Structures are given as structure tokens and as C-alpha cells.
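data-v8.txt, holding compact mmCIF, C-alpha atoms and all ligand atoms:
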# COMPACT_ATOMS: atom_id res chain seq x y z
CA MET I 1 26.78 10.21 -12.48
CA SER I 2 24.44 8.09 -14.62
CA ASP I 3 21.02 7.01 -13.37
CA SER I 4 20.49 3.27 -13.43
CA PRO I 5 17.60 2.26 -15.72
CA LYS I 6 14.28 2.19 -13.90
CA HIS I 7 12.11 -0.86 -14.41
CA PRO I 8 8.34 -0.61 -14.16
CA ALA I 9 6.91 -1.57 -10.79
CA ILE I 10 3.29 -1.06 -11.80
CA THR I 11 1.72 -1.14 -15.26
CA LEU I 12 -2.02 -0.67 -15.79
CA LYS I 13 -3.30 -1.56 -19.26
CA ASN I 14 -6.86 -0.77 -20.23
CA VAL I 15 -8.22 -1.59 -16.75
CA SER I 16 -11.89 -1.25 -15.89
CA PHE I 17 -13.90 -2.42 -12.92
CA GLN I 18 -17.57 -2.29 -11.89
CA TYR I 19 -18.93 -3.28 -8.48
CA ALA I 20 -21.78 -5.80 -8.63
CA GLU I 21 -24.39 -3.42 -7.24
CA SER I 22 -23.21 -0.32 -9.01
CA ALA I 23 -24.36 1.26 -12.26
CA THR I 24 -20.99 2.98 -12.61
CA GLU I 25 -17.92 1.57 -14.27
CA LEU I 26 -14.50 2.79 -13.22
CA CYS I 27 -12.08 2.96 -16.15
CA TYR I 28 -8.41 3.53 -15.42
CA HIS I 29 -6.09 4.96 -18.06
CA ASP I 30 -2.90 3.18 -18.97
CA TRP I 31 -0.37 4.03 -16.27
CA GLN I 32 3.17 3.09 -15.41
CA VAL I 33 5.04 3.65 -12.15
CA SER I 34 8.79 3.01 -12.03
CA GLN I 35 10.48 1.02 -9.31
CA GLY I 36 11.40 3.25 -6.41
CA GLU I 37 8.96 6.01 -7.40
CA ARG I 38 6.80 7.52 -4.65
CA ILE I 39 3.39 8.70 -5.79
CA PHE I 40 0.89 10.86 -3.93
CA LEU I 41 -2.57 9.94 -5.24
CA HIS I 42 -5.47 12.26 -4.47
CA GLY I 43 -9.00 12.97 -5.62
CA PRO I 44 -12.51 13.57 -4.36
CA SER I 45 -14.34 11.04 -2.25
CA GLY I 46 -15.81 8.27 -4.38
CA SER I 47 -13.50 8.90 -7.35
CA GLY I 48 -11.93 5.43 -7.19
CA LYS I 49 -8.69 5.67 -5.20
CA THR I 50 -9.39 2.77 -2.83
CA THR I 51 -10.69 0.69 -5.72
CA LEU I 52 -7.40 1.28 -7.52
CA LEU I 53 -5.38 0.21 -4.47
CA ASN I 54 -7.54 -2.90 -4.18
CA LEU I 55 -6.88 -3.69 -7.85
CA LEU I 56 -3.15 -3.17 -7.26
CA CYS I 57 -3.05 -5.57 -4.33
CA GLY I 58 -5.34 -8.13 -5.92
CA ILE I 59 -8.26 -7.85 -3.49
CA LEU I 60 -10.20 -6.93 -6.64
CA THR I 61 -9.46 -8.14 -10.17
CA PRO I 62 -10.19 -6.04 -13.25
CA ASP I 63 -13.22 -6.86 -15.42
CA LYS I 64 -11.12 -5.83 -18.38
CA GLY I 65 -7.45 -5.08 -18.90
CA THR I 66 -4.44 -6.12 -16.87
CA VAL I 67 -2.40 -5.06 -13.85
CA GLU I 68 1.28 -5.99 -14.17
CA LEU I 69 3.48 -5.74 -11.11
CA LEU I 70 7.27 -6.06 -11.30
CA SER I 71 6.76 -7.19 -14.92
CA LYS I 72 4.56 -10.14 -13.84
CA PRO I 73 0.95 -10.47 -15.09
CA PHE I 74 -0.37 -10.05 -11.54
CA SER I 75 -4.09 -9.66 -12.25
CA THR I 76 -4.25 -12.80 -14.39
CA LEU I 77 -2.37 -15.07 -11.98
CA ARG I 78 -4.39 -17.85 -10.35
CA ASN I 79 -5.75 -16.91 -6.93
CA THR I 80 -3.16 -18.89 -4.97
CA GLN I 81 -0.28 -17.49 -7.04
CA ARG I 82 -1.66 -13.99 -6.65
CA ASP I 83 -1.95 -14.41 -2.86
CA LYS I 84 1.65 -15.61 -2.72
CA PHE I 85 2.86 -12.76 -4.90
CA ARG I 86 1.01 -10.26 -2.73
CA ALA I 87 2.44 -11.66 0.48
CA ARG I 88 5.99 -11.58 -0.89
CA HIS I 89 6.11 -8.37 -2.88
CA ILE I 90 3.36 -6.01 -1.68
CA GLY I 91 2.92 -4.28 1.67
CA VAL I 92 -0.41 -2.66 2.49
CA VAL I 93 -1.38 -0.17 5.17
CA PHE I 94 -5.07 0.51 4.89
CA GLN I 95 -7.26 2.82 6.94
CA GLN I 96 -8.28 0.21 9.51
CA PHE I 97 -4.75 -1.25 9.98
CA ASN I 98 -6.30 -4.76 10.31
CA LEU I 99 -4.15 -5.78 13.27
CA ILE I 100 -5.35 -8.78 15.25
CA SER I 101 -6.10 -7.27 18.62
CA HIS I 102 -5.60 -10.36 20.82
CA LEU I 103 -2.19 -11.16 19.30
CA SER I 104 1.02 -9.45 20.39
CA VAL I 105 2.76 -6.91 18.19
CA ALA I 106 5.49 -9.48 17.42
CA GLN I 107 2.88 -12.08 16.45
CA ASN I 108 1.05 -9.60 14.22
CA ILE I 109 4.27 -8.81 12.37
CA ALA I 110 5.26 -12.48 12.16
CA LEU I 111 1.95 -13.28 10.44
CA ALA I 112 3.15 -11.35 7.39
CA THR I 113 6.24 -13.58 7.09
CA HIS I 114 4.08 -16.66 7.60
CA PHE I 115 1.81 -15.67 4.67
CA ALA I 116 4.88 -14.93 2.52
CA GLY I 117 6.16 -18.46 3.22
CA SER I 118 9.36 -17.15 4.83
CA SER I 119 10.79 -18.01 8.21
CA PRO I 120 9.58 -16.02 11.21
CA PRO I 121 11.59 -12.86 11.88
CA ASP I 122 14.34 -13.23 14.49
CA SER I 123 14.14 -10.95 17.47
CA ALA I 124 17.08 -8.78 16.31
CA THR I 125 15.25 -8.03 13.03
CA LEU I 126 12.03 -7.23 14.89
CA VAL I 127 13.79 -4.92 17.33
CA GLN I 128 15.65 -3.13 14.52
CA LEU I 129 12.45 -2.54 12.57
CA ILE I 130 10.42 -1.47 15.58
CA GLU I 131 13.16 0.94 16.70
CA ALA I 132 13.44 2.38 13.19
CA LEU I 133 9.74 3.20 13.54
CA GLN I 134 10.51 4.88 16.86
CA LEU I 135 8.69 2.39 19.06
CA PRO I 136 10.24 0.86 22.19
CA PRO I 137 11.22 -2.82 21.71
CA LYS I 138 9.18 -3.89 24.75
CA ILE I 139 6.04 -3.03 22.78
CA LEU I 140 6.64 -6.23 20.78
CA HIS I 141 5.11 -8.16 23.71
CA ASN I 142 2.01 -5.94 24.05
CA LYS I 143 -1.31 -7.00 22.58
CA ALA I 144 -2.16 -4.98 19.47
CA GLY I 145 -5.53 -4.12 21.00
CA GLN I 146 -3.79 -2.21 23.81
CA LEU I 147 -1.97 0.24 21.54
CA SER I 148 -2.76 3.87 20.76
CA VAL I 149 -3.83 4.73 17.21
CA GLY I 150 -0.38 6.19 16.46
CA GLN I 151 1.32 3.03 17.76
CA GLN I 152 -1.03 0.84 15.74
CA GLN I 153 -0.10 2.79 12.61
CA ARG I 154 3.59 2.15 13.18
CA VAL I 155 3.00 -1.52 13.83
CA ALA I 156 0.94 -1.70 10.63
CA ILE I 157 3.90 -0.16 8.79
CA ALA I 158 6.29 -2.63 10.46
CA ARG I 159 4.05 -5.51 9.38
CA ALA I 160 3.89 -4.10 5.84
CA LEU I 161 7.70 -3.73 5.67
CA ILE I 162 8.88 -6.94 7.35
CA ASN I 163 9.12 -8.79 4.02
CA ARG I 164 10.86 -5.79 2.40
CA PRO I 165 8.15 -5.50 -0.25
CA GLU I 166 9.04 -3.87 -3.55
CA ILE I 167 5.63 -2.14 -3.57
CA LEU I 168 3.91 -0.42 -0.65
CA LEU I 169 0.27 0.71 -0.84
CA VAL I 170 -0.87 3.14 1.83
CA ASP I 171 -4.44 4.46 2.13
CA GLU I 172 -5.16 7.59 4.21
CA PRO I 173 -3.06 6.57 7.20
CA THR I 174 -2.73 9.91 8.97
CA SER I 175 -6.33 11.00 9.41
CA ALA I 176 -6.36 10.22 13.15
CA LEU I 177 -3.06 11.99 13.90
CA ASP I 178 -2.30 15.55 14.99
CA ALA I 179 0.02 17.66 12.82
CA ASP I 180 3.26 16.81 14.66
CA ALA I 181 2.56 13.08 14.77
CA ARG I 182 1.56 13.17 11.11
CA ASP I 183 4.84 14.80 10.04
CA ALA I 184 6.87 12.35 12.14
CA PHE I 185 4.93 9.45 10.61
CA MET I 186 5.56 10.70 7.06
CA LYS I 187 9.28 11.15 7.66
CA LEU I 188 9.55 7.62 9.01
CA LEU I 189 7.57 6.16 6.16
CA ILE I 190 9.63 7.91 3.49
CA SER I 191 12.95 7.06 5.17
CA GLN I 192 11.98 3.39 5.22
CA CYS I 193 10.97 3.51 1.54
CA GLU I 194 14.23 5.25 0.60
CA ARG I 195 16.21 2.67 2.47
CA TYR I 196 14.74 -0.24 0.50
CA GLN I 197 13.95 1.61 -2.77
CA THR I 198 10.29 0.74 -2.24
CA THR I 199 7.72 1.90 -4.78
CA LEU I 200 5.06 3.77 -2.81
CA ILE I 201 1.48 4.63 -3.72
CA PHE I 202 0.19 6.90 -1.00
CA VAL I 203 -3.47 7.94 -1.00
CA SER I 204 -4.65 10.91 1.02
CA HIS I 205 -7.04 13.84 0.95
CA ASP I 206 -4.40 15.93 2.72
CA ILE I 207 -2.60 17.65 -0.15
CA SER I 208 0.02 19.10 2.22
CA LEU I 209 1.45 15.57 2.56
CA SER I 210 2.30 15.50 -1.14
CA ASP I 211 5.51 17.43 -0.38
CA TYR I 212 6.93 14.21 1.07
CA LEU I 213 6.50 12.30 -2.20
CA ASP I 214 8.10 12.53 -5.66
CA LYS I 215 5.03 13.01 -7.78
CA ARG I 216 1.43 14.08 -7.32
CA VAL I 217 -1.25 12.29 -9.37
CA ALA I 218 -4.89 13.40 -9.46
CA LEU I 219 -7.26 10.49 -9.86
CA LYS I 220 -9.30 12.48 -12.40
CA ASP I 221 -6.26 12.32 -14.71
CA LEU I 222 -6.06 8.59 -14.22
CA ALA I 223 -9.66 7.38 -14.32
CA ASP I 224 -13.11 8.04 -15.75
CA LYS I 225 -16.44 7.03 -14.26
CA LYS I 226 -18.95 5.82 -16.82
CA GLU I 227 -22.61 5.09 -16.32
CA SER I 228 -22.49 1.93 -18.40
CA ARG I 229 -19.94 -0.61 -19.60
CA SER I 230 -18.62 1.73 -22.23
CA CYS I 231 -14.85 1.98 -21.79
N1 LIG V 301 -18.36 -2.38 -2.34
C1 LIG V 301 -18.87 -1.49 -3.19
N2 LIG V 301 -20.03 -1.75 -3.83
C2 LIG V 301 -20.55 -0.87 -4.74
N3 LIG V 301 -19.97 0.31 -5.05
C3 LIG V 301 -18.81 0.63 -4.42
C4 LIG V 301 -18.21 -0.25 -3.46
N4 LIG V 301 -17.06 0.34 -3.03
C5 LIG V 301 -16.96 1.52 -3.67
N5 LIG V 301 -18.00 1.69 -4.50
C6 LIG V 301 -18.23 2.84 -5.40
O1 LIG V 301 -17.11 2.93 -6.28
C7 LIG V 301 -16.73 4.28 -6.47
C8 LIG V 301 -15.26 4.45 -6.08
O2 LIG V 301 -15.14 4.21 -4.66
P1 LIG V 301 -13.74 4.27 -3.92
O3 LIG V 301 -13.96 3.78 -2.54
O4 LIG V 301 -12.72 3.59 -4.75
O5 LIG V 301 -13.46 5.85 -3.93
P2 LIG V 301 -12.38 6.69 -3.12
O6 LIG V 301 -11.84 7.68 -4.09
O7 LIG V 301 -11.40 5.78 -2.47
O8 LIG V 301 -13.26 7.38 -2.00
P3 LIG V 301 -12.85 7.90 -0.53
O9 LIG V 301 -11.90 9.04 -0.77
O10 LIG V 301 -14.14 8.36 0.04
O11 LIG V 301 -12.24 6.75 0.21
C9 LIG V 301 -17.70 5.12 -5.66
O12 LIG V 301 -18.71 5.59 -6.52
C10 LIG V 301 -18.24 4.14 -4.63
O13 LIG V 301 -19.57 4.49 -4.26

Whole structure, C-alpha cells version:
Amino acid sequence: MSDSPKHPAITLKNVSFQYAESATELCYHDWQVSQGERIFLHGPSGSGKTTLLNLLCGILTPDKGTVELLSKPFSTLRNTQRDKFRARHIGVVFQQFNLISHLSVAQNIALATHFAGSSPPDSATLVQLIEALQLPPKILHNKAGQLSVGQQQRVAIARALINRPEILLVDEPTSALDADARDAFMKLLISQCERYQTTLIFVSHDISLSDYLDKRVALKDLADKKESRSC
């Protein structure tokens, strides 16, 4: 059986970034992630993992170098084009989930389709997705603010997956879960990524979770911190 050729999902070229009030510049090495690859990214606190995810989803733009996603020059797109690209092709699940508490679960998920410029999800699609994440369909009518942390995580995943993004960025999602819930969450996440051949960048301090992913990458092998603009 021959493997089909893998196209790059993510290409970093000569990227560096410095926060306005920081004396430290973060310099990322050239890096390529193939479509469908699932990467476990780890490293000490403050090493630059969240900054990298923010560069990958366009919340931050590099001072130097480029971020290409799906062979498009993502980091140099105009803001509106970048926002559109993000909404259509990238799913994010960050530590705070960013659900809108007074909206229902269904409305929270539908917001992602609205931003992507697609039609709202029909109820069969919503039910299928929510059941795949092992939530009861009736939860679609509950306000996001009434959910447990574990339920909020699954809804955040549902919202991130509703547009079937090619790239999923996940930042430390399991810190509030006990061991059983964490394993169940990881299995669900990976099964969803396998189903859609989603490229996954998964950031966590919990090295035991790396067994769920294809490849482990230490941030120290990917980035240097410099005290001046020297890289
Ligand atoms: N808004 C900001 N302004 C100034 N400096 C920042 C800002 N955000 C992060 N930094 C600095 O940038 C560096 C990288 O931070 P980042 O949050 O990317 O690290 P991290 O590896 O994700 O850390 P953690 O594991 O604690 O989440 C750190 O030195 C941090 O202090």
C-alpha cells in the first residue's frame, strides 16, 4: 500500500516575535508540519508555546519571517483575509474556552459557522457532533454558562470542529479534568481528528498525554529566546 503524498499544513520560515513591553525576542526555527500530523508540543512555562499558537492562528503576526498555512501566505494576508482564513480553516481550543455564557450551546457553535461565512448548522449536524463528543443532544439548548468544565471543553471542541477545519490548535485543555475524564477527552479529540484528517497542534505540560499523538516536539528544539533583536 502506498502512502499518499503529504502536503504541508504549517510552514514556519525565519519567524521571530517580540512583545511590546518585553526585552526578549522569541525566534522560532524553520518548521514544517504535514497535513494530518498530530503534534504534542511541550516546554517549560514561558518558553513560547502559547505565543506560537497565537502566531499560527493569526492573533499575533510575526515581526520577521512568515507563517504559511495550507500553502497560503497566512501571516502576510490582510487582516480581513486572515480573519476569514482563520474562521474557515483553523479551529482553536484555548485554556479559557471563550464560550459566550448567556448564549445556548447551539448558538455558541453556530457562531463559528457565522464567522466562517457558511450557513448555520442544521440540527442533525449539531446532534451528530454533540453525540460524537458524548454529550446529550438536549444540552444544545442549555446556556453555556450553566455547563460543567468538562462539558464546556466538549462544547469548545464542537465549536472548533463544526467547520471541519484542516488545522486544530489546542492549548492545555485538560488541566481541570481528573485522570479518567482526561483520557476520555483525549480519545474523543483524537478520534475526531482521525475522522477528518485534521492537523493537530496540542500544547500541554502533561507529558503522559503525548502517547495519544504522533510526534512529540520540545519547544526548546523549535525556538530560542534572545535578549535583543538578534535573530
Ligand atoms: N502579553 C505579553 N506581553 C509581554 N510579554 C509576554 C506576553 N505574553 C507572553 N509574554 C512573554 O513571552 C514569553 C513566552 O510566553 P508564552 O505565554 O508564549 O509561554 P508558554 O510557553 O505558553 O508559557 P505557559 O506554559 O506558562 O503557558 C514569556 O517570557 C512571557 O513572559

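We find atom P2 of ligand LIG 301 (chain V) and CA of Thr66 (chain I) to be spaced 20.4 Å apart.
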
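Residues in contact with Val170 (chain I) at up to 7 Å, not including ones fewer than 2 positions away on its chain and judged by only C-alpha atoms, are Val92, Val93, Phe94, Leu168, Glu172, Pro173, Ile201, Phe202 and Val203 of chain I.
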
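Minimum atom-to-atom distances from I:Thr174, I:Asn163, I:Asn14, I:Ser204 to Phe85 (chain I) were compared using all atoms listed in the file, and the lowest value belongs to I:Asn163.
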
Among the residues I:Lys143, I:His7, I:Lys13, I:Arg159, the one that comes closest to Leu129 (chain I) [using only C-alpha atoms]
I:Arg159

Near region 53-62 of chain I, within 7 Å and counting only C-alpha atoms, which residues show up once chain neighbours fewer than 5 positions away are dropped, as a VMD selection string?
chain I and resid 15 to 17 67 75 82 86 90 169

Radius query 12 Å about (-16.0, -3.7, -10.7), atoms used: all atoms listed in the file, as a count of residues only:
30

Rebuild region 4-16 of chain I to N, CA, C and O atoms - output it as a PDB file, in the coordinates of the input, please.
ATOM      1  N   SER I   4      20.715   4.628 -12.966  1.00  0.00           N
ATOM      2  CA  SER I   4      20.490   3.270 -13.430  1.00  0.00           C
ATOM      3  C   SER I   4      19.092   3.193 -14.041  1.00  0.00           C
ATOM      4  O   SER I   4      18.192   3.929 -13.640  1.00  0.00           O
ATOM      5  N   PRO I   5      18.907   2.310 -15.068  1.00  0.00           N
ATOM      6  CA  PRO I   5      17.600   2.260 -15.720  1.00  0.00           C
ATOM      7  C   PRO I   5      16.518   1.851 -14.737  1.00  0.00           C
ATOM      8  O   PRO I   5      16.735   0.979 -13.895  1.00  0.00           O
ATOM      9  N   LYS I   6      15.357   2.516 -14.824  1.00  0.00           N
ATOM     10  CA  LYS I   6      14.280   2.190 -13.900  1.00  0.00           C
ATOM     11  C   LYS I   6      13.310   1.219 -14.559  1.00  0.00           C
ATOM     12  O   LYS I   6      12.808   1.475 -15.644  1.00  0.00           O
ATOM     13  N   HIS I   7      13.054   0.114 -13.884  1.00  0.00           N
ATOM     14  CA  HIS I   7      12.110  -0.860 -14.410  1.00  0.00           C
ATOM     15  C   HIS I   7      10.726  -0.520 -13.905  1.00  0.00           C
ATOM     16  O   HIS I   7      10.579   0.047 -12.820  1.00  0.00           O
ATOM     17  N   PRO I   8       9.693  -0.905 -14.660  1.00  0.00           N
ATOM     18  CA  PRO I   8       8.340  -0.610 -14.160  1.00  0.00           C
ATOM     19  C   PRO I   8       8.005  -1.466 -12.942  1.00  0.00           C
ATOM     20  O   PRO I   8       8.291  -2.664 -12.917  1.00  0.00           O
ATOM     21  N   ALA I   9       7.426  -0.827 -11.935  1.00  0.00           N
ATOM     22  CA  ALA I   9       6.910  -1.570 -10.790  1.00  0.00           C
ATOM     23  C   ALA I   9       5.444  -1.895 -11.018  1.00  0.00           C
ATOM     24  O   ALA I   9       4.966  -2.973 -10.668  1.00  0.00           O
ATOM     25  N   ILE I  10       4.739  -0.928 -11.606  1.00  0.00           N
ATOM     26  CA  ILE I  10       3.290  -1.060 -11.800  1.00  0.00           C
ATOM     27  C   ILE I  10       2.958  -0.661 -13.235  1.00  0.00           C
ATOM     28  O   ILE I  10       3.397   0.388 -13.690  1.00  0.00           O
ATOM     29  N   THR I  11       2.203  -1.500 -13.923  1.00  0.00           N
ATOM     30  CA  THR I  11       1.720  -1.140 -15.260  1.00  0.00           C
ATOM     31  C   THR I  11       0.233  -1.466 -15.353  1.00  0.00           C
ATOM     32  O   THR I  11      -0.153  -2.635 -15.186  1.00  0.00           O
ATOM     33  N   LEU I  12      -0.578  -0.446 -15.565  1.00  0.00           N
ATOM     34  CA  LEU I  12      -2.020  -0.670 -15.790  1.00  0.00           C
ATOM     35  C   LEU I  12      -2.261  -0.595 -17.289  1.00  0.00           C
ATOM     36  O   LEU I  12      -1.817   0.357 -17.930  1.00  0.00           O
ATOM     37  N   LYS I  13      -2.976  -1.598 -17.832  1.00  0.00           N
ATOM     38  CA  LYS I  13      -3.300  -1.560 -19.260  1.00  0.00           C
ATOM     39  C   LYS I  13      -4.789  -1.748 -19.416  1.00  0.00           C
ATOM     40  O   LYS I  13      -5.319  -2.831 -19.080  1.00  0.00           O
ATOM     41  N   ASN I  14      -5.464  -0.668 -19.822  1.00  0.00           N
ATOM     42  CA  ASN I  14      -6.860  -0.770 -20.230  1.00  0.00           C
ATOM     43  C   ASN I  14      -7.777  -1.329 -19.139  1.00  0.00           C
ATOM     44  O   ASN I  14      -8.696  -2.097 -19.410  1.00  0.00           O
ATOM     45  N   VAL I  15      -7.511  -0.967 -17.882  1.00  0.00           N
ATOM     46  CA  VAL I  15      -8.220  -1.590 -16.750  1.00  0.00           C
ATOM     47  C   VAL I  15      -9.581  -0.939 -16.513  1.00  0.00           C
ATOM     48  O   VAL I  15      -9.701   0.283 -16.475  1.00  0.00           O
ATOM     49  N   SER I  16     -10.600  -1.766 -16.363  1.00  0.00           N
ATOM     50  CA  SER I  16     -11.890  -1.250 -15.890  1.00  0.00           C
ATOM     51  C   SER I  16     -12.468  -2.205 -14.863  1.00  0.00           C
ATOM     52  O   SER I  16     -12.143  -3.400 -14.840  1.00  0.00           O
TER      53      SER I  16
END
